>>> print(open('final_25.csv').read())   # CSV, C-alpha atoms (C1' of nucleotides)
chain,number,residue,atom,x,y,z
A,1,MET,CA,-6.8,6.5,-14.0
A,2,ASP,CA,-8.3,4.6,-11.0
A,3,LEU,CA,-7.9,6.2,-7.6
A,4,THR,CA,-6.2,4.5,-4.7
A,5,ASN,CA,-8.2,3.9,-1.5
A,6,SER,CA,-6.2,6.7,0.0
A,7,GLN,CA,-7.0,9.2,-2.7
A,8,GLU,CA,-10.7,8.3,-2.6
A,9,GLU,CA,-10.7,8.9,1.2
A,10,TYR,CA,-9.2,12.3,0.8
A,11,LEU,CA,-11.5,13.2,-2.1
A,12,LYS,CA,-14.5,12.1,-0.1
A,13,THR,CA,-13.4,14.2,2.9
A,14,ILE,CA,-12.9,17.3,0.8
A,15,TYR,CA,-16.4,16.9,-0.7
A,16,ILE,CA,-18.0,16.5,2.6
A,17,LEU,CA,-16.2,19.4,4.2
A,18,LYS,CA,-17.2,21.5,1.2
A,19,ASN,CA,-20.8,21.0,2.0
A,20,THR,CA,-20.4,22.1,5.6
A,21,LYS,CA,-17.8,24.8,5.6
A,22,ASN,CA,-16.9,27.5,3.1
A,23,GLU,CA,-13.2,27.1,3.7
A,24,ILE,CA,-11.3,23.9,3.7
A,25,ARG,CA,-7.9,23.8,5.5
A,26,VAL,CA,-5.2,21.2,5.2
A,27,THR,CA,-5.1,21.0,9.0
A,28,GLU,CA,-8.8,20.3,9.1
A,29,ILE,CA,-8.5,17.4,6.7
A,30,ALA,CA,-5.5,16.1,8.6
A,31,ASN,CA,-7.5,16.1,11.9
A,32,LYS,CA,-10.5,14.6,10.3
A,33,LEU,CA,-8.5,11.7,8.9
A,34,GLY,CA,-6.0,11.4,11.7
A,35,LYS,CA,-3.1,12.0,9.4
A,36,THR,CA,-0.3,14.6,9.5
A,37,LYS,CA,-0.4,17.8,7.5
A,38,ALA,CA,2.5,16.6,5.5
A,39,SER,CA,0.6,13.6,4.4
A,40,VAL,CA,-2.4,15.7,3.5
A,41,ASN,CA,-0.2,17.9,1.4
A,42,ASN,CA,1.1,14.9,-0.5
A,43,ALA,CA,-2.4,13.7,-1.0
A,44,ILE,CA,-3.8,16.9,-2.3
A,45,ASN,CA,-0.9,17.3,-4.7
A,46,SER,CA,-1.7,13.9,-6.1
A,47,LEU,CA,-5.3,14.8,-6.5
A,48,LYS,CA,-4.3,17.9,-8.2
A,49,GLN,CA,-2.2,15.9,-10.6
A,50,GLU,CA,-5.2,13.8,-11.4
A,51,LYS,CA,-7.1,17.1,-12.1
A,52,LEU,CA,-9.6,16.3,-9.4
A,53,ILE,CA,-9.0,19.5,-7.5
A,54,ASN,CA,-7.5,22.9,-8.1
A,55,TYR,CA,-5.0,24.0,-5.7
A,56,GLU,CA,-2.1,26.4,-5.4
A,57,PRO,CA,0.2,26.6,-2.5
A,58,TYR,CA,-1.4,28.3,0.5
A,59,GLY,CA,-4.6,28.6,-1.6
A,60,GLN,CA,-8.1,27.3,-1.6
A,61,ILE,CA,-8.9,23.7,-2.3
A,62,GLU,CA,-11.5,23.5,-5.1
A,63,LEU,CA,-13.0,20.4,-6.6
A,64,THR,CA,-13.0,20.3,-10.4
A,65,LYS,CA,-16.0,19.2,-12.2
A,66,GLU,CA,-14.6,15.7,-12.6
A,67,GLY,CA,-13.5,15.7,-8.9
A,68,GLU,CA,-16.9,16.7,-7.8
A,69,SER,CA,-18.7,14.0,-9.7
A,70,LEU,CA,-16.3,11.4,-8.6
A,71,ALA,CA,-16.6,12.5,-5.0
A,72,ARG,CA,-20.3,12.4,-5.2
A,73,LYS,CA,-20.2,8.8,-6.4
A,74,ILE,CA,-17.8,7.8,-3.6
A,75,VAL,CA,-20.0,9.4,-1.0
A,76,GLU,CA,-23.1,7.7,-2.5
A,77,ALA,CA,-21.4,4.3,-2.5
A,78,ASN,CA,-20.5,4.9,1.1
A,79,ASP,CA,-24.1,5.6,1.9
A,80,ILE,CA,-25.4,2.6,0.1
A,81,VAL,CA,-23.2,0.2,2.0
A,82,LYS,CA,-23.9,2.0,5.3
A,83,LEU,CA,-27.6,1.8,4.8
A,84,PHE,CA,-27.4,-1.9,4.2
A,85,LEU,CA,-25.2,-2.5,7.2
A,86,ILE,CA,-27.4,-0.5,9.6
A,87,GLU,CA,-30.9,-1.2,8.4
A,88,ILE,CA,-30.6,-4.7,7.1
A,89,LEU,CA,-27.8,-6.2,9.2
A,90,GLY,CA,-28.4,-4.1,12.3
A,91,SER,CA,-24.8,-2.8,12.7
A,92,THR,CA,-24.2,0.2,14.8
A,93,GLU,CA,-23.7,3.6,13.2
A,94,GLU,CA,-20.1,3.8,14.2
A,95,ASN,CA,-19.2,0.3,12.9
A,96,ALA,CA,-21.1,0.8,9.7
A,97,GLU,CA,-19.2,4.1,9.0
A,98,ASN,CA,-15.9,2.4,9.4
A,99,GLU,CA,-16.6,-0.6,7.4
A,100,ALA,CA,-18.5,1.2,4.7
A,101,LYS,CA,-15.5,3.4,4.1
A,102,ALA,CA,-13.4,0.4,3.4
A,103,ILE,CA,-15.9,-1.7,1.5
A,104,LYS,CA,-17.2,0.9,-0.9
A,105,THR,CA,-13.8,1.3,-2.6
A,106,VAL,CA,-13.8,-2.3,-3.8
A,107,LEU,CA,-17.4,-2.8,-5.0
A,108,SER,CA,-18.2,-2.5,-8.6
A,109,ASP,CA,-20.9,-0.1,-9.8
A,110,ASP,CA,-23.0,-3.1,-10.6
A,111,THR,CA,-22.8,-4.5,-7.1
A,112,LEU,CA,-23.5,-1.1,-5.6
A,113,ASN,CA,-26.6,-0.8,-7.7
A,114,LYS,CA,-27.7,-4.2,-6.7
A,115,LEU,CA,-27.1,-3.6,-3.1
A,116,ALA,CA,-28.9,-0.3,-3.2
A,117,ARG,CA,-31.9,-1.7,-4.9
A,118,TYR,CA,-32.0,-4.7,-2.6
A,119,THR,CA,-31.9,-2.6,0.5
A,120,HIS,CA,-34.5,-0.1,-0.8
A,121,LYS,CA,-36.8,-2.9,-1.6
A,122,GLU,CA,-36.3,-4.7,1.7
A,123,LEU,CA,-37.0,-1.5,3.5
A,124,GLY,CA,-40.1,-0.9,1.6
A,125,LEU,CA,-38.8,2.3,0.1
A,126,SER,CA,-39.6,1.1,-3.3
A,127,SER,CA,-42.1,-1.4,-4.4
A,128,LEU,CA,-40.1,-3.8,-6.5
A,129,ASP,CA,-37.0,-2.6,-8.0
A,130,CYS,CA,-36.2,1.1,-7.9
A,131,GLY,CA,-33.7,0.9,-10.7
A,132,TYR,CA,-31.2,2.8,-8.7
A,133,ASP,CA,-28.1,3.7,-10.8
A,134,ILE,CA,-25.1,5.3,-9.1
A,135,ASN,CA,-24.0,6.7,-12.4
A,136,ASN,CA,-27.2,8.1,-13.6
A,137,GLN,CA,-30.5,9.3,-12.2
A,138,ARG,CA,-31.5,7.9,-9.0
A,139,CYS,CA,-35.1,6.6,-8.8
A,140,ILE,CA,-37.5,9.3,-7.9
A,141,GLU,CA,-38.6,7.7,-4.7
A,142,CYS,CA,-35.0,7.2,-3.5
A,143,ALA,CA,-34.2,10.8,-4.4
A,144,ARG,CA,-37.2,12.1,-2.5
A,145,ARG,CA,-36.3,10.1,0.6
A,146,ASN,CA,-32.6,10.7,0.1
A,147,VAL,CA,-31.6,7.1,0.3
B,1,MET,CA,-0.1,-8.6,14.7
B,2,ASP,CA,-2.8,-7.9,12.1
B,3,LEU,CA,-2.1,-9.2,8.6
B,4,THR,CA,-2.1,-7.0,5.6
B,5,ASN,CA,-4.5,-7.6,2.8
B,6,SER,CA,-1.6,-9.0,0.8
B,7,GLN,CA,-0.6,-11.4,3.5
B,8,GLU,CA,-4.2,-12.6,3.9
B,9,GLU,CA,-4.4,-13.2,0.2
B,10,TYR,CA,-1.2,-15.4,0.2
B,11,LEU,CA,-2.3,-17.3,3.3
B,12,LYS,CA,-5.7,-18.0,1.8
B,13,THR,CA,-4.1,-19.3,-1.3
B,14,ILE,CA,-1.7,-21.5,0.5
B,15,TYR,CA,-4.6,-22.9,2.5
B,16,ILE,CA,-6.7,-23.6,-0.5
B,17,LEU,CA,-3.9,-25.2,-2.5
B,18,LYS,CA,-3.1,-27.4,0.6
B,19,ASN,CA,-6.6,-28.9,0.3
B,20,THR,CA,-6.2,-29.8,-3.3
B,21,LYS,CA,-2.6,-30.6,-3.8
B,22,ASN,CA,-0.1,-32.4,-1.7
B,23,GLU,CA,2.7,-30.1,-2.7
B,24,ILE,CA,2.6,-26.4,-2.9
B,25,ARG,CA,5.1,-24.6,-5.2
B,26,VAL,CA,6.1,-21.0,-5.2
B,27,THR,CA,5.5,-20.9,-8.9
B,28,GLU,CA,2.0,-22.2,-8.4
B,29,ILE,CA,1.1,-19.5,-6.0
B,30,ALA,CA,2.6,-17.0,-8.3
B,31,ASN,CA,0.4,-18.2,-11.2
B,32,LYS,CA,-2.7,-18.4,-9.2
B,33,LEU,CA,-2.3,-14.8,-7.9
B,34,GLY,CA,-0.8,-13.4,-11.0
B,35,LYS,CA,2.4,-12.2,-9.2
B,36,THR,CA,6.0,-12.9,-9.8
B,37,LYS,CA,7.9,-15.7,-8.0
B,38,ALA,CA,10.0,-13.0,-6.4
B,39,SER,CA,6.9,-11.4,-4.9
B,40,VAL,CA,5.7,-14.7,-3.6
B,41,ASN,CA,9.1,-15.3,-2.1
B,42,ASN,CA,8.9,-12.1,-0.2
B,43,ALA,CA,5.4,-12.9,0.9
B,44,ILE,CA,6.1,-16.3,2.3
B,45,ASN,CA,9.1,-15.0,4.2
B,46,SER,CA,6.9,-12.4,5.8
B,47,LEU,CA,4.3,-15.1,6.7
B,48,LYS,CA,7.1,-17.2,8.1
B,49,GLN,CA,8.2,-14.3,10.3
B,50,GLU,CA,4.7,-14.1,11.6
B,51,LYS,CA,5.0,-17.8,12.4
B,52,LEU,CA,2.0,-18.6,10.2
B,53,ILE,CA,3.9,-21.0,8.0
B,54,ASN,CA,7.0,-23.1,8.2
B,55,TYR,CA,9.4,-22.8,5.4
B,56,GLU,CA,13.0,-23.4,4.6
B,57,PRO,CA,14.6,-22.4,1.3
B,58,TYR,CA,13.7,-24.8,-1.5
B,59,GLY,CA,11.6,-26.7,1.0
B,60,GLN,CA,7.9,-27.4,1.6
B,61,ILE,CA,5.4,-24.8,2.7
B,62,GLU,CA,3.6,-25.9,5.8
B,63,LEU,CA,0.9,-24.0,7.7
B,64,THR,CA,1.5,-23.8,11.4
B,65,LYS,CA,-1.4,-24.4,13.7
B,66,GLU,CA,-2.0,-20.7,14.0
B,67,GLY,CA,-1.6,-20.2,10.3
B,68,GLU,CA,-4.1,-22.9,9.6
B,69,SER,CA,-6.7,-21.5,11.9
B,70,LEU,CA,-6.3,-18.0,10.5
B,71,ALA,CA,-6.5,-19.2,7.0
B,72,ARG,CA,-9.7,-21.1,7.7
B,73,LYS,CA,-11.2,-18.0,9.0
B,74,ILE,CA,-10.2,-16.0,6.0
B,75,VAL,CA,-11.6,-18.5,3.6
B,76,GLU,CA,-14.8,-18.7,5.6
B,77,ALA,CA,-15.2,-14.9,5.6
B,78,ASN,CA,-14.7,-15.1,1.8
B,79,ASP,CA,-17.4,-17.7,1.5
B,80,ILE,CA,-19.9,-15.7,3.6
B,81,VAL,CA,-19.5,-12.6,1.4
B,82,LYS,CA,-19.6,-14.6,-1.8
B,83,LEU,CA,-22.7,-16.4,-0.8
B,84,PHE,CA,-24.4,-13.2,-0.1
B,85,LEU,CA,-23.3,-11.6,-3.3
B,86,ILE,CA,-24.4,-14.5,-5.4
B,87,GLU,CA,-27.5,-15.7,-3.7
B,88,ILE,CA,-29.0,-12.6,-2.4
B,89,LEU,CA,-27.8,-9.9,-4.8
B,90,GLY,CA,-27.6,-12.1,-7.8
B,91,SER,CA,-24.0,-11.4,-8.7
B,92,THR,CA,-22.1,-13.6,-11.1
B,93,GLU,CA,-19.7,-16.2,-9.6
B,94,GLU,CA,-16.7,-14.4,-11.1
B,95,ASN,CA,-17.7,-11.0,-9.9
B,96,ALA,CA,-18.5,-12.3,-6.5
B,97,GLU,CA,-15.1,-14.0,-6.2
B,98,ASN,CA,-13.3,-10.8,-7.0
B,99,GLU,CA,-15.2,-8.6,-4.7
B,100,ALA,CA,-15.5,-11.0,-1.8
B,101,LYS,CA,-11.7,-11.3,-1.8
B,102,ALA,CA,-11.4,-7.5,-1.2
B,103,ILE,CA,-14.4,-7.1,1.0
B,104,LYS,CA,-13.7,-9.8,3.5
B,105,THR,CA,-10.5,-8.3,4.7
B,106,VAL,CA,-12.2,-5.2,6.0
B,107,LEU,CA,-15.3,-6.7,7.7
B,108,SER,CA,-15.3,-7.2,11.4
B,109,ASP,CA,-16.1,-10.6,12.8
B,110,ASP,CA,-19.3,-9.2,14.0
B,111,THR,CA,-20.4,-8.0,10.6
B,112,LEU,CA,-19.4,-11.3,9.0
B,113,ASN,CA,-21.5,-13.2,11.5
B,114,LYS,CA,-24.5,-10.9,10.9
B,115,LEU,CA,-24.1,-11.3,7.2
B,116,ALA,CA,-23.8,-15.0,7.4
B,117,ARG,CA,-26.9,-15.3,9.6
B,118,TYR,CA,-28.9,-13.0,7.5
B,119,THR,CA,-28.0,-14.8,4.3
B,120,HIS,CA,-28.7,-18.2,5.8
B,121,LYS,CA,-32.1,-17.0,7.1
B,122,GLU,CA,-33.1,-15.4,3.8
B,123,LEU,CA,-32.1,-18.6,1.9
B,124,GLY,CA,-34.2,-20.6,4.3
B,125,LEU,CA,-31.2,-22.6,5.4
B,126,SER,CA,-32.0,-21.8,9.0
B,127,SER,CA,-35.3,-21.1,10.5
B,128,LEU,CA,-34.6,-17.9,12.4
B,129,ASP,CA,-31.1,-17.2,13.4
B,130,CYS,CA,-28.5,-19.9,13.0
B,131,GLY,CA,-26.2,-18.3,15.5
B,132,TYR,CA,-23.3,-18.6,13.1
B,133,ASP,CA,-20.0,-17.6,14.6
B,134,ILE,CA,-16.9,-17.4,12.5
B,135,ASN,CA,-14.7,-18.0,15.6
B,136,ASN,CA,-16.5,-20.8,17.1
B,137,GLN,CA,-18.7,-23.6,16.2
B,138,ARG,CA,-20.8,-23.1,13.2
B,139,CYS,CA,-24.5,-23.9,13.5
B,140,ILE,CA,-25.3,-27.6,12.8
B,141,GLU,CA,-27.4,-26.8,9.8
B,142,CYS,CA,-24.9,-24.6,8.2
B,143,ALA,CA,-22.1,-27.1,8.8
B,144,ARG,CA,-24.2,-29.9,7.3
B,145,ARG,CA,-24.9,-27.9,4.2
B,146,ASN,CA,-21.5,-26.4,4.2
B,147,VAL,CA,-22.6,-22.8,3.9
C,1,DT,C1',3.5,47.0,12.9
C,2,DT,C1',5.7,43.5,14.5
C,3,DG,C1',6.0,39.3,17.2
C,4,DA,C1',3.6,35.1,18.2
C,5,DT,C1',0.6,31.6,16.6
C,6,DT,C1',-1.4,29.0,13.2
C,7,DT,C1',-1.2,27.0,8.9
C,8,DG,C1',1.1,25.0,5.0
C,9,DT,C1',5.4,23.1,2.7
C,10,DT,C1',9.6,20.6,1.9
C,11,DA,C1',13.1,17.2,2.6
C,12,DG,C1',14.2,13.0,3.9
C,13,DC,C1',13.2,8.7,6.2
C,14,DT,C1',10.4,4.2,6.7
C,15,DA,C1',7.6,0.2,5.4
C,16,DT,C1',4.9,-2.5,2.2
C,17,DA,C1',4.3,-4.5,-2.1
C,18,DT,C1',5.4,-4.9,-6.3
C,19,DC,C1',8.6,-5.6,-10.4
C,20,DT,C1',12.9,-7.3,-13.5
C,21,DA,C1',17.1,-9.4,-14.1
C,22,DA,C1',20.6,-12.3,-12.6
C,23,DC,C1',21.8,-16.1,-10.2
C,24,DA,C1',21.3,-20.7,-7.5
C,25,DT,C1',19.3,-25.0,-6.8
C,26,DT,C1',16.6,-29.0,-7.9
C,27,DA,C1',14.4,-32.1,-11.1
C,28,DT,C1',14.1,-34.4,-15.5
C,29,DA,C1',15.1,-36.7,-19.6
C,30,DT,C1',18.2,-38.9,-22.6
D,1,DA,C1',25.7,-38.6,-15.4
D,2,DT,C1',25.1,-34.5,-17.2
D,3,DA,C1',22.8,-30.9,-19.9
D,4,DT,C1',18.5,-28.6,-20.0
D,5,DA,C1',14.5,-27.2,-17.9
D,6,DA,C1',11.9,-25.9,-14.1
D,7,DT,C1',11.9,-23.9,-9.8
D,8,DG,C1',13.4,-20.8,-6.2
D,9,DT,C1',16.3,-16.8,-4.4
D,10,DT,C1',18.5,-12.4,-4.2
D,11,DA,C1',19.6,-7.7,-5.3
D,12,DG,C1',18.1,-3.6,-6.7
D,13,DA,C1',14.5,-0.6,-8.6
D,14,DT,C1',9.9,1.7,-8.4
D,15,DA,C1',5.5,3.5,-6.4
D,16,DT,C1',2.4,4.5,-2.6
D,17,DA,C1',1.5,6.2,1.7
D,18,DG,C1',2.7,7.3,5.7
D,19,DC,C1',5.9,9.7,9.3
D,20,DT,C1',9.1,13.6,11.7
D,21,DA,C1',11.5,17.7,11.8
D,22,DA,C1',12.6,22.0,10.0
D,23,DC,C1',11.2,25.7,7.5
D,24,DA,C1',8.0,29.3,5.2
D,25,DA,C1',3.9,32.0,4.8
D,26,DA,C1',-0.2,33.9,6.5
D,27,DT,C1',-3.0,35.5,10.2
D,28,DC,C1',-3.9,37.6,14.4
D,29,DA,C1',-3.3,40.3,18.6
D,30,DA,C1',-1.2,43.8,21.2
>>> encode(input="final_25.csv", output="structure tokens")
Amino acid sequence: MDLTNSQEEYLKTIYILKNTKNEIRVTEIANKLGKTKASVNNAINSLKQEKLINYEPYGQIELTKEGESLARKIVEANDIVKLFLIEILGSTEENAENEAKAIKTVLSDDTLNKLARYTHKELGLSSLDCGYDINNQRCIECARRNV
Amino acid sequence: MDLTNSQEEYLKTIYILKNTKNEIRVTEIANKLGKTKASVNNAINSLKQEKLINYEPYGQIELTKEGESLARKIVEANDIVKLFLIEILGSTEENAENEAKAIKTVLSDDTLNKLARYTHKELGLSSLDCGYDINNQRCIECARRNV
DNA sequence: TTGATTTGTTAGCTATATCTAACATTATAT
DNA sequence: ATATAATGTTAGATATAGCTAACAAATCAA
């Protein structure tokens, strides 16, 4: 039931595009990820099979409830790693983006939570331990500041 | 010329076994990595093709100069990530081992250096910035403490 | 409204990485 | 010295993830 890196990448992209455009096109995903339309087609069919998106040929791409929640988690994991790389280690935005993408797929929820809490604390966003939990409610402070 | 994750994993294992045993057997690698002997066979042939190991059927596995240096780097990257996960985030040894393995393959040299320096500094192993560089000489303090 | 352009799909190929099963070689023990 | 066990190899299958090229459907413009 676990997604492959590739599937996560596609799901993340769909989620992000959903929040900026009203229509998602296969071509758009392909361009964004630097893949061919054929590859995207394969990918969305595999996501459909996993019931993470609804899709009919030539139709709209829609995230299912499960797909949406999984995507949210993936994006959030990405943000956690990126924040750490940029703010704590001093990586560049571009570098952080690339590496976060790859790293987030291999970290356990527990590690992600630890990393988020550590980073928040170091940055003074929370006093001691914000109790961040990627699967549940985010700490109020973190939510307010969107970190 | 870049190795795949899988190749890195095999190379790392060979390097580590070399330092503990005088003989490396295909079966041993297979057990250590939880793969079949057939898979190991494929892998060592691909490493041979990359000139990272010397190997003749039924013979000894030997790291070439290039293989040895690459392996050293992989192991060191692994240690950097593991140290951070355990000492800074408080992960368990087991968890850190698993995640470090996966993470190290995607981090740039630059990020690894930053992570090492950050961890060393936080742990008080170095005063300010130990100047750790995975490709060159390690800082004297780090080398002495083997971190 | 119809032809051109854009968008999406399908078929078939490639490469990596795994597996199982069968076979070959080497080592061991009596 | 030879049978058995351990070790190593090969062949062939599967799955993922990508590609190109050819085709199909939808959209747009004249």
>>> closest_residue(input="final_25.csv", among="B:Ile24, B:Ile103, B:Ile14, B:Ala38", to="chain A", atoms="all atoms listed in the file")
B:Ile103
>>> calpha_fit_and_write(input="final_25.csv", fixed="chain A", moving="chain B", output="CSV table (one decimal) with C-alpha atoms, in the coordinates of the input")
chain,number,residue,atom,x,y,z
B,1,MET,CA,-6.7,6.5,-14.0
B,2,ASP,CA,-8.2,4.6,-11.1
B,3,LEU,CA,-7.8,6.3,-7.7
B,4,THR,CA,-6.2,4.5,-4.8
B,5,ASN,CA,-8.2,3.9,-1.7
B,6,SER,CA,-6.2,6.7,0.0
B,7,GLN,CA,-7.0,9.1,-2.8
B,8,GLU,CA,-10.7,8.2,-2.6
B,9,GLU,CA,-10.7,8.8,1.1
B,10,TYR,CA,-9.2,12.4,0.7
B,11,LEU,CA,-11.5,13.2,-2.1
B,12,LYS,CA,-14.5,12.1,-0.1
B,13,THR,CA,-13.4,14.2,2.8
B,14,ILE,CA,-12.9,17.2,0.7
B,15,TYR,CA,-16.3,16.8,-0.8
B,16,ILE,CA,-18.0,16.4,2.5
B,17,LEU,CA,-16.2,19.3,4.2
B,18,LYS,CA,-17.2,21.5,1.1
B,19,ASN,CA,-20.9,20.9,1.9
B,20,THR,CA,-20.5,22.1,5.5
B,21,LYS,CA,-17.8,24.7,5.5
B,22,ASN,CA,-17.0,27.4,3.1
B,23,GLU,CA,-13.3,27.0,3.6
B,24,ILE,CA,-11.4,23.8,3.7
B,25,ARG,CA,-8.0,23.7,5.5
B,26,VAL,CA,-5.3,21.2,5.2
B,27,THR,CA,-5.2,21.0,9.0
B,28,GLU,CA,-8.9,20.2,9.0
B,29,ILE,CA,-8.5,17.3,6.7
B,30,ALA,CA,-5.6,16.1,8.7
B,31,ASN,CA,-7.7,16.1,11.9
B,32,LYS,CA,-10.7,14.5,10.4
B,33,LEU,CA,-8.6,11.6,8.9
B,34,GLY,CA,-6.2,11.4,11.7
B,35,LYS,CA,-3.1,12.0,9.4
B,36,THR,CA,-0.4,14.5,9.5
B,37,LYS,CA,-0.6,17.8,7.6
B,38,ALA,CA,2.4,16.5,5.6
B,39,SER,CA,0.4,13.5,4.5
B,40,VAL,CA,-2.5,15.6,3.5
B,41,ASN,CA,-0.2,17.8,1.5
B,42,ASN,CA,1.1,14.9,-0.4
B,43,ALA,CA,-2.4,13.7,-1.0
B,44,ILE,CA,-3.8,16.9,-2.3
B,45,ASN,CA,-0.9,17.3,-4.7
B,46,SER,CA,-1.6,13.9,-6.1
B,47,LEU,CA,-5.3,14.7,-6.5
B,48,LYS,CA,-4.3,17.9,-8.2
B,49,GLN,CA,-2.2,16.0,-10.6
B,50,GLU,CA,-5.2,13.9,-11.4
B,51,LYS,CA,-7.0,17.1,-12.1
B,52,LEU,CA,-9.6,16.3,-9.5
B,53,ILE,CA,-9.0,19.5,-7.5
B,54,ASN,CA,-7.5,22.9,-8.1
B,55,TYR,CA,-5.0,24.0,-5.6
B,56,GLU,CA,-2.2,26.5,-5.3
B,57,PRO,CA,0.2,26.6,-2.3
B,58,TYR,CA,-1.5,28.3,0.6
B,59,GLY,CA,-4.6,28.7,-1.5
B,60,GLN,CA,-8.1,27.3,-1.5
B,61,ILE,CA,-9.0,23.7,-2.3
B,62,GLU,CA,-11.5,23.5,-5.1
B,63,LEU,CA,-13.0,20.4,-6.7
B,64,THR,CA,-12.9,20.4,-10.4
B,65,LYS,CA,-16.0,19.3,-12.2
B,66,GLU,CA,-14.6,15.8,-12.6
B,67,GLY,CA,-13.5,15.8,-9.0
B,68,GLU,CA,-16.9,16.8,-7.9
B,69,SER,CA,-18.7,14.1,-9.8
B,70,LEU,CA,-16.3,11.4,-8.6
B,71,ALA,CA,-16.6,12.5,-5.1
B,72,ARG,CA,-20.4,12.4,-5.2
B,73,LYS,CA,-20.2,8.9,-6.4
B,74,ILE,CA,-17.8,7.8,-3.7
B,75,VAL,CA,-20.0,9.3,-1.0
B,76,GLU,CA,-23.1,7.7,-2.5
B,77,ALA,CA,-21.4,4.3,-2.6
B,78,ASN,CA,-20.5,4.9,1.1
B,79,ASP,CA,-24.1,5.7,1.9
B,80,ILE,CA,-25.4,2.6,0.1
B,81,VAL,CA,-23.2,0.2,2.1
B,82,LYS,CA,-23.8,2.0,5.3
B,83,LEU,CA,-27.5,1.9,4.8
B,84,PHE,CA,-27.4,-1.8,4.3
B,85,LEU,CA,-25.1,-2.4,7.2
B,86,ILE,CA,-27.3,-0.4,9.6
B,87,GLU,CA,-30.8,-1.1,8.4
B,88,ILE,CA,-30.6,-4.6,7.2
B,89,LEU,CA,-27.8,-6.2,9.3
B,90,GLY,CA,-28.4,-4.1,12.3
B,91,SER,CA,-24.9,-2.7,12.7
B,92,THR,CA,-24.1,0.3,14.8
B,93,GLU,CA,-23.7,3.7,13.1
B,94,GLU,CA,-20.0,3.8,14.1
B,95,ASN,CA,-19.2,0.3,12.9
B,96,ALA,CA,-21.0,0.9,9.7
B,97,GLU,CA,-19.1,4.1,9.0
B,98,ASN,CA,-15.8,2.4,9.4
B,99,GLU,CA,-16.6,-0.6,7.3
B,100,ALA,CA,-18.5,1.1,4.6
B,101,LYS,CA,-15.5,3.4,4.1
B,102,ALA,CA,-13.3,0.3,3.3
B,103,ILE,CA,-15.9,-1.7,1.5
B,104,LYS,CA,-17.1,0.8,-0.9
B,105,THR,CA,-13.8,1.2,-2.6
B,106,VAL,CA,-13.8,-2.4,-3.8
B,107,LEU,CA,-17.4,-2.8,-5.0
B,108,SER,CA,-18.2,-2.6,-8.6
B,109,ASP,CA,-20.9,-0.2,-9.8
B,110,ASP,CA,-23.0,-3.1,-10.5
B,111,THR,CA,-22.8,-4.5,-7.1
B,112,LEU,CA,-23.5,-1.1,-5.5
B,113,ASN,CA,-26.6,-0.8,-7.6
B,114,LYS,CA,-27.8,-4.3,-6.7
B,115,LEU,CA,-27.1,-3.6,-3.1
B,116,ALA,CA,-28.9,-0.3,-3.2
B,117,ARG,CA,-31.9,-1.8,-4.9
B,118,TYR,CA,-32.1,-4.7,-2.6
B,119,THR,CA,-31.8,-2.5,0.5
B,120,HIS,CA,-34.4,-0.1,-0.8
B,121,LYS,CA,-36.8,-3.0,-1.6
B,122,GLU,CA,-36.3,-4.7,1.8
B,123,LEU,CA,-36.9,-1.4,3.6
B,124,GLY,CA,-40.1,-0.9,1.6
B,125,LEU,CA,-38.8,2.3,0.2
B,126,SER,CA,-39.6,1.1,-3.3
B,127,SER,CA,-42.2,-1.3,-4.3
B,128,LEU,CA,-40.1,-3.8,-6.4
B,129,ASP,CA,-37.0,-2.5,-8.0
B,130,CYS,CA,-36.2,1.1,-7.8
B,131,GLY,CA,-33.8,0.9,-10.7
B,132,TYR,CA,-31.2,2.8,-8.7
B,133,ASP,CA,-28.1,3.6,-10.7
B,134,ILE,CA,-25.1,5.2,-9.1
B,135,ASN,CA,-24.0,6.7,-12.5
B,136,ASN,CA,-27.2,8.1,-13.6
B,137,GLN,CA,-30.4,9.3,-12.3
B,138,ARG,CA,-31.5,7.9,-9.0
B,139,CYS,CA,-35.0,6.6,-8.8
B,140,ILE,CA,-37.6,9.4,-7.8
B,141,GLU,CA,-38.5,7.7,-4.6
B,142,CYS,CA,-35.0,7.2,-3.4
B,143,ALA,CA,-34.1,10.8,-4.3
B,144,ARG,CA,-37.1,12.1,-2.4
B,145,ARG,CA,-36.2,10.2,0.7
B,146,ASN,CA,-32.5,10.7,0.1
B,147,VAL,CA,-31.5,7.1,0.4
>>> closest_atom_pairs(input="final_25.csv", of="chain C", to="chain A", cutoff="8 Å", atoms="only C-alpha atoms (C1' of nucleotides)", output="Markdown table")
| residue | atom | partner | partner_atom | distance |
| --- | --- | --- | --- | --- |
| C:DT7 | C1' | A:Thr27 | CA | 7.2 |
| C:DG8 | C1' | A:Tyr58 | CA | 6.1 |
| C:DT9 | C1' | A:Ala38 | CA | 7.6 |
>>> interface_residues(input="final_25.csv", of="chain B", to="chain A", cutoff="7 Å", atoms="only C-alpha atoms", output="PDB file with C-alpha atoms, in the coordinates of the input")
ATOM      1  CA  LEU B  89     -27.800  -9.900  -4.800  1.00  0.00           C
ATOM      2  CA  GLU B  99     -15.200  -8.600  -4.700  1.00  0.00           C
ATOM      3  CA  ALA B 102     -11.400  -7.500  -1.200  1.00  0.00           C
ATOM      4  CA  ILE B 103     -14.400  -7.100   1.000  1.00  0.00           C
ATOM      5  CA  VAL B 106     -12.200  -5.200   6.000  1.00  0.00           C
ATOM      6  CA  LEU B 107     -15.300  -6.700   7.700  1.00  0.00           C
ATOM      7  CA  LYS B 114     -24.500 -10.900  10.900  1.00  0.00           C
ATOM      8  CA  LEU B 115     -24.100 -11.300   7.200  1.00  0.00           C
TER       9      LEU B 115
END
>>> closest_atom_pairs(input="final_25.csv", of="chain A", to="chain D", cutoff="8 Å", atoms="only C-alpha atoms (C1' of nucleotides)", output="Markdown table")
| residue | atom | partner | partner_atom | distance |
| --- | --- | --- | --- | --- |
| A:Ser6 | CA | D:DA17 | C1' | 7.9 |
| A:Thr36 | CA | D:DC19 | C1' | 7.9 |
| A:Ser39 | CA | D:DG18 | C1' | 6.8 |
| A:Tyr58 | CA | D:DA25 | C1' | 7.8 |
